[in-house]
file upload_22.txt (compact mmCIF, C-alpha atoms and all ligand atoms)
# COMPACT_ATOMS: atom_id res chain seq x y z
CA MET A 260 -181.67 -7.40 -139.15
CA LYS A 261 -184.63 -5.65 -140.77
CA THR A 262 -186.40 -7.66 -143.46
CA LYS A 263 -186.83 -5.74 -146.68
CA ILE A 264 -189.78 -6.49 -148.98
CA ILE A 265 -189.48 -5.48 -152.62
CA LYS A 266 -192.33 -5.81 -155.11
CA ILE A 267 -191.25 -7.38 -158.39
CA SER A 268 -193.13 -8.17 -161.57
CA SER A 269 -193.44 -11.86 -162.41
CA ARG A 270 -193.81 -11.01 -166.13
CA ASN A 271 -190.87 -8.68 -166.43
CA PRO A 272 -188.59 -8.83 -163.37
CA ASN A 273 -186.61 -5.65 -162.78
CA LYS A 274 -182.91 -6.28 -163.38
CA LYS A 275 -181.72 -4.03 -160.52
CA ILE A 276 -183.89 -5.85 -157.98
CA ILE A 277 -182.65 -9.23 -159.24
CA THR A 278 -179.06 -8.00 -158.88
CA GLU A 279 -179.73 -6.85 -155.32
CA ALA A 280 -181.23 -10.22 -154.41
CA SER A 281 -178.46 -12.19 -156.12
CA THR A 282 -175.82 -10.20 -154.20
CA ILE A 283 -177.39 -11.41 -150.95
CA ILE A 284 -177.36 -15.02 -152.17
CA LYS A 285 -173.73 -14.71 -153.29
CA SER A 286 -172.73 -13.29 -149.91
CA GLY A 287 -174.08 -16.41 -148.18
CA ASN A 288 -177.37 -15.02 -146.90
CA LEU A 289 -181.05 -15.83 -147.39
CA VAL A 290 -183.64 -14.47 -149.82
CA ALA A 291 -187.30 -15.49 -149.95
CA PHE A 292 -188.62 -15.56 -153.51
CA PRO A 293 -191.76 -16.54 -155.41
CA THR A 294 -192.01 -19.67 -157.53
CA GLU A 295 -195.00 -21.01 -159.46
CA THR A 296 -195.81 -23.33 -156.52
CA VAL A 297 -195.12 -21.59 -153.19
CA TYR A 298 -192.53 -19.10 -151.92
CA GLY A 299 -189.06 -20.52 -151.34
CA LEU A 300 -186.44 -19.57 -148.75
CA GLY A 301 -183.22 -19.71 -150.71
CA ALA A 302 -179.47 -19.87 -150.22
CA ASN A 303 -176.46 -20.76 -152.36
CA ALA A 304 -176.81 -24.56 -152.57
CA LEU A 305 -173.04 -25.05 -152.76
CA ASP A 306 -172.31 -23.01 -149.62
CA GLU A 307 -172.73 -25.20 -146.55
CA LYS A 308 -172.77 -22.29 -144.10
CA ALA A 309 -175.43 -20.46 -146.08
CA VAL A 310 -177.63 -23.57 -146.32
CA ARG A 311 -177.33 -24.09 -142.56
CA LYS A 312 -178.97 -20.67 -142.11
CA ILE A 313 -182.10 -22.02 -143.83
CA PHE A 314 -182.44 -24.83 -141.30
CA THR A 315 -181.94 -22.39 -138.42
CA ALA A 316 -184.42 -19.81 -139.73
CA LYS A 317 -187.10 -22.44 -140.36
CA GLY A 318 -186.44 -24.53 -137.26
CA ARG A 319 -186.20 -27.44 -139.68
CA PRO A 320 -184.79 -30.80 -138.54
CA THR A 321 -181.48 -31.39 -140.32
CA ASP A 322 -182.56 -34.88 -141.40
CA ASN A 323 -185.02 -33.32 -143.85
CA PRO A 324 -183.23 -32.56 -147.15
CA LEU A 325 -183.78 -29.55 -149.43
CA ILE A 326 -184.64 -29.10 -153.11
CA ILE A 327 -182.01 -27.49 -155.34
CA HIS A 328 -183.42 -25.07 -157.92
CA ILE A 329 -181.61 -24.68 -161.23
CA ALA A 330 -182.11 -22.43 -164.25
CA ASP A 331 -180.00 -24.26 -166.81
CA TYR A 332 -180.15 -27.90 -167.95
CA LYS A 333 -176.33 -28.03 -167.74
CA ASP A 334 -176.52 -27.62 -163.96
CA LEU A 335 -178.23 -30.98 -163.72
CA ASN A 336 -175.07 -32.69 -164.99
CA LYS A 337 -172.95 -30.71 -162.55
CA LEU A 338 -175.03 -31.81 -159.57
CA ALA A 339 -176.22 -35.29 -160.53
CA HIS A 340 -175.01 -38.54 -162.08
CA ALA A 341 -176.53 -39.76 -165.35
CA LEU A 342 -180.32 -40.09 -165.31
CA PRO A 343 -182.34 -43.02 -166.61
CA HIS A 344 -183.79 -42.50 -170.07
CA TYR A 345 -187.36 -42.22 -168.81
CA ALA A 346 -186.37 -39.32 -166.52
CA LYS A 347 -185.14 -37.36 -169.52
CA LYS A 348 -188.56 -37.77 -171.11
CA LEU A 349 -190.17 -36.27 -168.02
CA ILE A 350 -187.74 -33.37 -168.01
CA ASN A 351 -188.52 -32.63 -171.66
CA LYS A 352 -192.20 -32.51 -170.91
CA PHE A 353 -192.37 -30.90 -167.44
CA TRP A 354 -189.35 -28.57 -167.00
CA PRO A 355 -189.37 -25.77 -166.29
CA GLY A 356 -192.22 -26.62 -163.92
CA PRO A 357 -193.35 -28.04 -160.57
CA LEU A 358 -191.69 -31.45 -160.90
CA THR A 359 -188.86 -32.23 -158.46
CA LEU A 360 -186.67 -35.18 -159.38
CA ILE A 361 -184.74 -37.28 -156.87
CA VAL A 362 -181.48 -38.23 -158.56
CA ARG A 363 -178.09 -39.64 -157.54
CA LYS A 364 -175.94 -36.74 -156.36
CA LYS A 365 -172.37 -35.84 -157.23
CA SER A 366 -169.92 -34.94 -154.45
CA ILE A 367 -170.12 -31.20 -155.22
CA VAL A 368 -173.50 -31.17 -153.41
CA PRO A 369 -172.91 -30.51 -149.68
CA ASP A 370 -174.23 -33.17 -147.26
CA ILE A 371 -176.28 -30.55 -145.43
CA VAL A 372 -178.51 -30.11 -148.51
CA THR A 373 -179.30 -33.81 -148.86
CA ALA A 374 -179.25 -34.77 -145.17
CA LYS A 375 -176.35 -37.08 -146.06
CA SER A 376 -178.49 -39.01 -148.57
CA PRO A 377 -176.72 -40.24 -151.75
CA THR A 378 -179.59 -38.62 -153.69
CA VAL A 379 -180.51 -34.99 -154.25
CA ALA A 380 -183.81 -33.29 -155.13
CA ILE A 381 -183.62 -30.98 -158.17
CA ARG A 382 -186.15 -28.87 -160.03
CA MET A 383 -186.23 -26.09 -162.60
CA PRO A 384 -189.04 -23.73 -161.58
CA ASN A 385 -191.33 -22.10 -164.10
CA HIS A 386 -191.16 -18.54 -162.80
CA LYS A 387 -189.27 -15.66 -164.37
CA VAL A 388 -188.20 -14.18 -161.04
CA THR A 389 -186.75 -17.47 -159.75
CA LEU A 390 -184.99 -18.24 -163.03
CA ALA A 391 -183.52 -14.73 -163.27
CA LEU A 392 -182.34 -14.86 -159.66
CA ILE A 393 -180.59 -18.23 -160.11
CA LYS A 394 -178.94 -17.07 -163.35
CA GLU A 395 -177.78 -13.78 -161.86
CA ALA A 396 -176.46 -15.45 -158.68
CA GLY A 397 -174.55 -17.90 -160.90
CA VAL A 398 -175.15 -20.73 -158.43
CA PRO A 399 -177.92 -23.28 -157.90
CA ILE A 400 -180.26 -22.25 -155.08
CA ALA A 401 -181.34 -24.62 -152.30
CA ALA A 402 -184.79 -23.71 -151.03
CA PRO A 403 -187.52 -25.27 -148.97
CA SER A 404 -190.96 -23.70 -148.83
CA ALA A 405 -190.78 -20.33 -147.04
CA ASN A 406 -192.57 -21.14 -143.79
CA LYS A 407 -191.59 -22.08 -140.26
CA ALA A 408 -191.18 -25.88 -140.06
CA GLY A 409 -194.56 -27.62 -139.84
CA ARG A 410 -196.59 -24.52 -140.79
CA PRO A 411 -198.60 -24.09 -144.00
CA SER A 412 -196.29 -23.16 -146.88
CA GLY A 413 -196.08 -19.45 -147.67
CA THR A 414 -198.01 -18.54 -150.80
CA SER A 415 -197.66 -14.75 -150.55
CA ALA A 416 -195.04 -12.27 -149.32
CA GLU A 417 -197.28 -11.47 -146.30
CA ASP A 418 -197.22 -15.15 -145.26
CA VAL A 419 -193.44 -15.18 -145.53
CA LEU A 420 -193.16 -11.98 -143.49
CA ASP A 421 -195.46 -13.45 -140.81
CA ASP A 422 -193.00 -16.32 -140.32
CA PHE A 423 -189.65 -14.61 -140.95
CA LYS A 424 -189.97 -10.94 -139.99
CA ASN A 425 -186.46 -9.64 -139.21
CA LYS A 426 -185.03 -13.16 -139.53
CA ILE A 427 -184.04 -12.89 -143.22
CA GLU A 428 -182.66 -10.07 -145.35
CA LEU A 429 -185.07 -9.87 -148.25
CA ILE A 430 -188.45 -11.01 -149.56
CA LEU A 431 -189.18 -10.63 -153.26
CA ASP A 432 -192.92 -10.02 -153.55
CA ALA A 433 -194.57 -11.10 -156.82
CA GLY A 434 -198.03 -11.60 -155.30
CA GLN A 435 -199.88 -14.85 -154.60
CA THR A 436 -198.31 -17.92 -156.18
CA HIS A 437 -200.02 -19.69 -159.06
CA PHE A 438 -200.46 -23.27 -157.79
CA GLY A 439 -200.40 -22.65 -154.03
CA LEU A 440 -199.21 -26.24 -153.50
CA GLU A 441 -195.65 -27.54 -153.69
CA SER A 442 -194.04 -29.42 -156.55
CA THR A 443 -194.53 -33.15 -157.10
CA VAL A 444 -191.50 -35.04 -155.76
CA LEU A 445 -190.64 -38.00 -157.99
CA ASP A 446 -187.86 -40.47 -157.25
CA VAL A 447 -186.10 -41.32 -160.52
CA SER A 448 -182.94 -42.70 -158.89
CA LYS A 449 -184.15 -46.29 -159.43
CA SER A 450 -185.36 -48.25 -162.45
CA THR A 451 -189.01 -47.23 -161.89
CA PRO A 452 -190.31 -43.79 -160.94
CA VAL A 453 -192.11 -43.37 -157.61
CA ILE A 454 -194.05 -40.32 -156.40
CA LEU A 455 -192.81 -39.48 -152.90
CA ARG A 456 -194.96 -36.36 -152.54
CA PRO A 457 -197.99 -35.66 -154.74
CA GLY A 458 -197.95 -32.05 -155.89
CA ALA A 459 -198.76 -29.49 -158.55
CA ILE A 460 -198.14 -31.91 -161.43
CA SER A 461 -200.72 -34.64 -161.21
CA LYS A 462 -200.12 -38.37 -161.39
CA GLU A 463 -202.42 -38.38 -164.43
CA ALA A 464 -200.19 -35.82 -166.21
CA LEU A 465 -197.05 -37.83 -165.42
CA GLU A 466 -198.79 -40.96 -166.65
CA SER A 467 -199.31 -39.39 -170.04
CA VAL A 468 -195.57 -40.04 -170.37
CA LEU A 469 -195.06 -43.29 -168.44
CA LYS A 470 -196.42 -45.58 -165.72
CA ILE A 471 -195.89 -44.09 -162.26
CA THR A 472 -196.17 -45.64 -158.80
CA LEU A 473 -197.41 -43.69 -155.82
CA ASP A 474 -195.39 -44.31 -152.68
CA ASN A 475 -197.57 -45.63 -149.83
CA GLU A 476 -196.34 -42.84 -147.63
CA SER A 477 -197.84 -40.28 -149.96
CA ASN A 478 -201.12 -41.76 -148.82
CA SER A 479 -199.69 -41.41 -145.32
CA LYS A 480 -199.08 -45.07 -144.43
CA GLY A 481 -196.02 -47.29 -144.49
CA LYS A 482 -192.29 -46.69 -144.68
CA VAL A 483 -190.94 -43.17 -145.20
CA ARG A 484 -188.94 -42.62 -148.36
CA SER A 485 -189.17 -38.86 -148.40
CA PRO A 486 -187.90 -37.69 -145.02
CA GLY A 487 -190.11 -34.60 -145.00
CA MET A 488 -193.28 -36.66 -145.15
CA LYS A 489 -192.87 -38.11 -141.67
CA TYR A 490 -193.50 -34.83 -139.88
CA ARG A 491 -196.86 -33.27 -139.02
CA HIS A 492 -196.97 -30.73 -141.72
CA TYR A 493 -198.67 -27.89 -143.50
CA ALA A 494 -200.58 -27.35 -140.28
CA PRO A 495 -202.30 -24.25 -138.99
CA LYS A 496 -202.27 -23.54 -135.25
CA ALA A 497 -205.89 -24.65 -134.96
CA LYS A 498 -206.68 -28.34 -134.78
CA VAL A 499 -207.79 -29.56 -138.22
CA ILE A 500 -210.58 -32.11 -138.60
CA LEU A 501 -211.07 -33.55 -142.04
CA ILE A 502 -214.70 -34.12 -143.02
CA PRO A 503 -214.69 -37.18 -145.23
CA LYS A 504 -216.61 -37.17 -148.45
CA ASN A 505 -218.58 -40.32 -149.06
CA LYS A 506 -222.11 -41.36 -149.75
CA THR A 507 -222.87 -42.38 -146.18
CA ILE A 508 -222.06 -38.96 -144.72
CA ASN A 509 -224.15 -35.85 -145.15
CA ILE A 510 -221.48 -33.17 -144.94
CA TRP A 511 -223.74 -30.40 -143.64
CA GLN A 512 -225.19 -32.66 -140.92
CA GLU A 513 -221.70 -33.76 -139.94
CA GLU A 514 -220.51 -30.13 -139.73
CA GLU A 515 -223.59 -29.19 -137.72
CA ARG A 516 -222.97 -32.07 -135.30
CA LEU A 517 -219.29 -31.11 -134.80
CA ILE A 518 -220.06 -27.41 -134.41
CA GLN A 519 -222.64 -28.09 -131.70
CA ASP A 520 -220.35 -30.53 -129.99
CA PHE A 521 -217.35 -28.16 -129.93
CA HIS A 522 -219.44 -25.11 -129.04
CA HIS A 523 -220.60 -27.05 -125.99
CA LYS A 524 -216.95 -27.44 -125.05
CA GLY A 525 -216.42 -23.70 -125.46
CA LYS A 526 -214.36 -24.01 -128.66
CA THR A 527 -214.58 -21.73 -131.69
CA ILE A 528 -214.81 -23.24 -135.14
CA GLY A 529 -213.75 -22.24 -138.63
CA ILE A 530 -214.70 -24.01 -141.81
CA LEU A 531 -212.28 -24.50 -144.66
CA ALA A 532 -214.94 -24.54 -147.34
CA THR A 533 -214.13 -26.26 -150.61
CA LEU A 534 -217.70 -27.02 -151.59
CA PRO A 535 -219.66 -24.32 -153.40
CA LYS A 536 -221.53 -21.79 -151.25
CA ASN A 537 -224.63 -23.44 -149.99
CA THR A 538 -227.34 -22.19 -147.69
CA LYS A 539 -227.36 -25.62 -146.05
CA ARG A 540 -223.85 -25.15 -144.66
CA PRO A 541 -224.27 -24.62 -140.90
CA LYS A 542 -223.04 -21.38 -139.36
CA ALA A 543 -219.54 -21.47 -137.92
CA ASP A 544 -217.47 -18.74 -136.22
CA ALA A 545 -215.46 -18.21 -139.40
CA VAL A 546 -215.48 -19.51 -142.96
CA CYS A 547 -212.75 -19.33 -145.58
CA PHE A 548 -213.93 -20.34 -149.03
CA THR A 549 -211.18 -21.63 -151.31
CA GLY A 550 -213.25 -21.65 -154.49
CA SER A 551 -214.62 -24.97 -155.65
CA THR A 552 -212.54 -26.10 -158.64
CA LEU A 553 -209.58 -28.27 -157.66
CA ALA A 554 -207.23 -25.60 -159.02
CA ARG A 555 -208.80 -22.93 -156.77
CA VAL A 556 -208.76 -25.20 -153.73
CA GLY A 557 -205.07 -25.90 -154.34
CA LYS A 558 -204.27 -22.25 -154.82
CA ASN A 559 -206.07 -21.06 -151.67
CA LEU A 560 -205.71 -24.00 -149.28
CA PHE A 561 -202.68 -22.75 -147.31
CA HIS A 562 -203.91 -19.18 -147.58
CA CYS A 563 -207.20 -20.21 -145.92
CA PHE A 564 -205.39 -22.11 -143.16
CA ARG A 565 -203.47 -18.95 -142.35
CA GLU A 566 -206.59 -16.75 -142.59
CA LEU A 567 -208.50 -19.01 -140.19
CA ASP A 568 -205.54 -18.92 -137.79
CA LYS A 569 -205.71 -15.12 -137.85
CA LYS A 570 -209.35 -15.42 -136.73
CA LYS A 571 -208.00 -17.48 -133.83
CA VAL A 572 -210.44 -20.38 -134.17
CA ASP A 573 -209.66 -23.47 -132.08
CA ILE A 574 -210.87 -26.00 -134.64
CA ILE A 575 -210.89 -26.04 -138.44
CA LEU A 576 -213.37 -28.33 -140.19
CA ALA A 577 -211.92 -29.04 -143.63
CA GLU A 578 -214.16 -30.27 -146.43
CA SER A 579 -212.60 -33.07 -148.51
CA VAL A 580 -212.16 -32.99 -152.29
CA PRO A 581 -212.15 -35.87 -154.81
CA GLU A 582 -208.76 -37.53 -155.05
CA HIS A 583 -207.99 -37.11 -158.73
CA ASP A 584 -205.67 -34.67 -160.52
CA ILE A 585 -204.42 -32.01 -158.09
CA GLY A 586 -207.03 -33.33 -155.61
CA LEU A 587 -204.51 -36.05 -154.67
CA ALA A 588 -202.03 -33.41 -153.48
CA ILE A 589 -204.77 -31.41 -151.73
CA MET A 590 -205.97 -34.45 -149.78
CA ASN A 591 -202.37 -35.37 -148.95
CA ARG A 592 -201.87 -31.91 -147.38
CA LEU A 593 -205.22 -32.04 -145.57
CA ARG A 594 -204.39 -35.45 -144.11
CA LYS A 595 -200.97 -34.24 -142.99
CA ALA A 596 -202.47 -31.12 -141.45
CA SER A 597 -205.15 -33.07 -139.63
CA ALA A 598 -202.65 -35.75 -138.58
CA LYS A 599 -204.72 -38.13 -136.47
CA ASN A 600 -207.69 -35.90 -135.64
O1 LIG A 701 -192.67 -26.47 -154.83
C1 LIG A 701 -191.75 -26.82 -154.08
O2 LIG A 701 -191.27 -27.97 -154.09
C2 LIG A 701 -191.21 -25.79 -153.08
C3 LIG A 701 -190.62 -24.63 -153.90
C4 LIG A 701 -189.96 -23.60 -153.02
O3 LIG A 701 -189.73 -25.14 -154.86
N1 LIG A 701 -190.26 -26.37 -152.21
C5 LIG A 701 -190.58 -27.26 -151.24
O4 LIG A 701 -189.51 -27.67 -150.46
O5 LIG A 701 -191.72 -27.65 -151.04
P1 LIG A 701 -189.68 -28.41 -149.07
O6 LIG A 701 -188.34 -28.46 -148.49
O7 LIG A 701 -190.73 -27.76 -148.28
O8 LIG A 701 -190.08 -29.89 -149.47
C6 LIG A 701 -189.14 -30.73 -150.10
C7 LIG A 701 -189.56 -32.17 -149.96
C8 LIG A 701 -189.48 -32.67 -148.54
O9 LIG A 701 -190.57 -33.52 -148.26
C9 LIG A 701 -188.15 -33.44 -148.53
O10 LIG A 701 -188.10 -34.45 -147.55
C10 LIG A 701 -188.13 -34.01 -149.93
O11 LIG A 701 -188.66 -32.97 -150.74
N2 LIG A 701 -186.76 -34.31 -150.37
C11 LIG A 701 -185.75 -33.45 -150.58
N3 LIG A 701 -184.62 -34.10 -150.92
C12 LIG A 701 -184.93 -35.41 -150.93
C13 LIG A 701 -184.19 -36.60 -151.19
N4 LIG A 701 -182.89 -36.57 -151.51
N5 LIG A 701 -184.84 -37.79 -151.11
C14 LIG A 701 -186.15 -37.83 -150.81
N6 LIG A 701 -186.90 -36.75 -150.54
C15 LIG A 701 -186.30 -35.55 -150.58
MG MG A 702 -192.18 -27.37 -146.95
call {"tool": "encode", "arguments": {"input": "upload_22.txt", "output": "structure tokens", "more": "lines below"}}
Ligand code: TXA
Ligand code: MG
result
Amino acid sequence: MKTKIIKISSRNPNKKIITEASTIIKSGNLVAFPTETVYGLGANALDEKAVRKIFTAKGRPTDNPLIIHIADYKDLNKLAHALPHYAKKLINKFWPGPLTLIVRKKSIVPDIVTAKSPTVAIRMPNHKVTLALIKEAGVPIAAPSANKAGRPSGTSAEDVLDDFKNKIELILDAGQTHFGLESTVLDVSKSTPVILRPGAISKEALESVLKITLDNESNSKGKVRSPGMKYRHYAPKAKVILIPKNKTINIWQEEERLIQDFHHKGKTIGILATLPKNTKRPKADAVCFTGSTLARVGKNLFHCFRELDKKKVDIILAESVPEHDIGLAIMNRLRKASAKN
């Protein structure tokens, strides 16, 4: 199969292109498409055989469930049992948008989508292309991030092509995604809401509506409630070392020390730079600067991981960011990527 890439406007998606993509979805095949967070690799969520193709293409363990994307509030009732009142408040405020809700599923949802869990993850994305595609296909679309399992999520059509060249039929290319980080996954299947994966909607924003708990695992300790969080994740090929940010560590000195140490061992080093350009930063073999606001770091984090991989560095030194707002999600991804290094 030869993968086709078609450019599409995110402001005014071309109807013909949407029809072409929706035909592929309806025929039980895969389309990669942009969302406001990252690219998704989508299939008809109600077609078990089609959904299985996602797991195969990604090399994703089948115990890791998928998010179903909807374009109409009515679809929520088709897929899920009644929601608690507080969840409706969140939907009113954050949909369409990067908030995924874990809800109790109805039997129409195939087991393959939910990894046999009695709950299902649902979100309504805030992207004209995604919404038009779901509407035109006439079915909800199951989609994980469009990347090989364990790799950094795809935030551009080039990233998706790098991972899925000639493995999927079509990539809709609407340029780099807005947030660059995945949606926030919030469990609303119980009496109190719990964040299972911090993401593009911050805990602070959610707390403007109601009190929210952060699952321990989201800080990468304790019992796993979101199956996907147990895997080493979001990781470039290079080994990632997270440089902590605290008063006792001078970041430049620490980078200098690590660079010398690894150069001695014959390793090449890239820096994932989140701090503003600074002449004090020691010289590495490659540097990818994300920009220094939390929004820019979020947007370019996975992009920089992939860029540094293309430079074939052995080690990536990643500079930490403060853990508020989207910084919580950024640090979650950096910790996952660096695993135990
Ligand atoms: O922004 C996003 O969320 C992107 C775009 C494409 O929508 N999608 C995405 O999907 O990041 P994925 O599959 O890469 O991550 C989904 C996460 C995984 O950690 C998975 O374990 C969790 O959601 N999840 C899915 N269904 C779940 C369920 N029923 N219970 C708990 N966690 C669930
Ligand atoms: Mg993913």
call {"tool": "residues_near_ligand", "arguments": {"input": "upload_22.txt", "ligand": "ligand LIG 701 (chain A)", "cutoff": "8 Å", "atoms": "all atoms listed in the file", "output": "VMD selection string"}}
result
chain A and resid 293 to 300 323 to 326 328 357 to 359 361 to 362 372 to 374 376 to 382 384 402 to 405 412 440 to 444 446 455 to 456 458 to 459 484 to 488
call {"tool": "residues_around", "arguments": {"input": "upload_22.txt", "residues": "stretch 546-560 of chain A", "least_positions_apart": "5", "cutoff": "10 Å", "atoms": "only C-alpha atoms", "output": "ChimeraX atom specification"}}
result
/A:296-297,411-412,414,435-441,458-459,493,528-536,565-567,570,575-577,580-590,592-593
call {"tool": "residues_around", "arguments": {"input": "upload_22.txt", "residues": "A:Asp568", "least_positions_apart": "5", "cutoff": "8 Å", "atoms": "all atoms listed in the file", "output": "MDAnalysis selection string"}}
result
chainID A and resid 495:497
call {"tool": "closest_residue", "arguments": {"input": "upload_22.txt", "among": "A:Pro272, A:Thr315, A:Asp370, A:Gly397", "to": "A:Asp334", "atoms": "all atoms listed in the file"}}
result
A:Gly397
call {"tool": "residues_around", "arguments": {"input": "upload_22.txt", "residues": "stretch 509-520 of chain A", "least_positions_apart": "4", "cutoff": "10 Å", "atoms": "only C-alpha atoms", "output": "ChimeraX atom specification"}}
result
/A:500,502-505,524-530,534,537-544,574,576-579
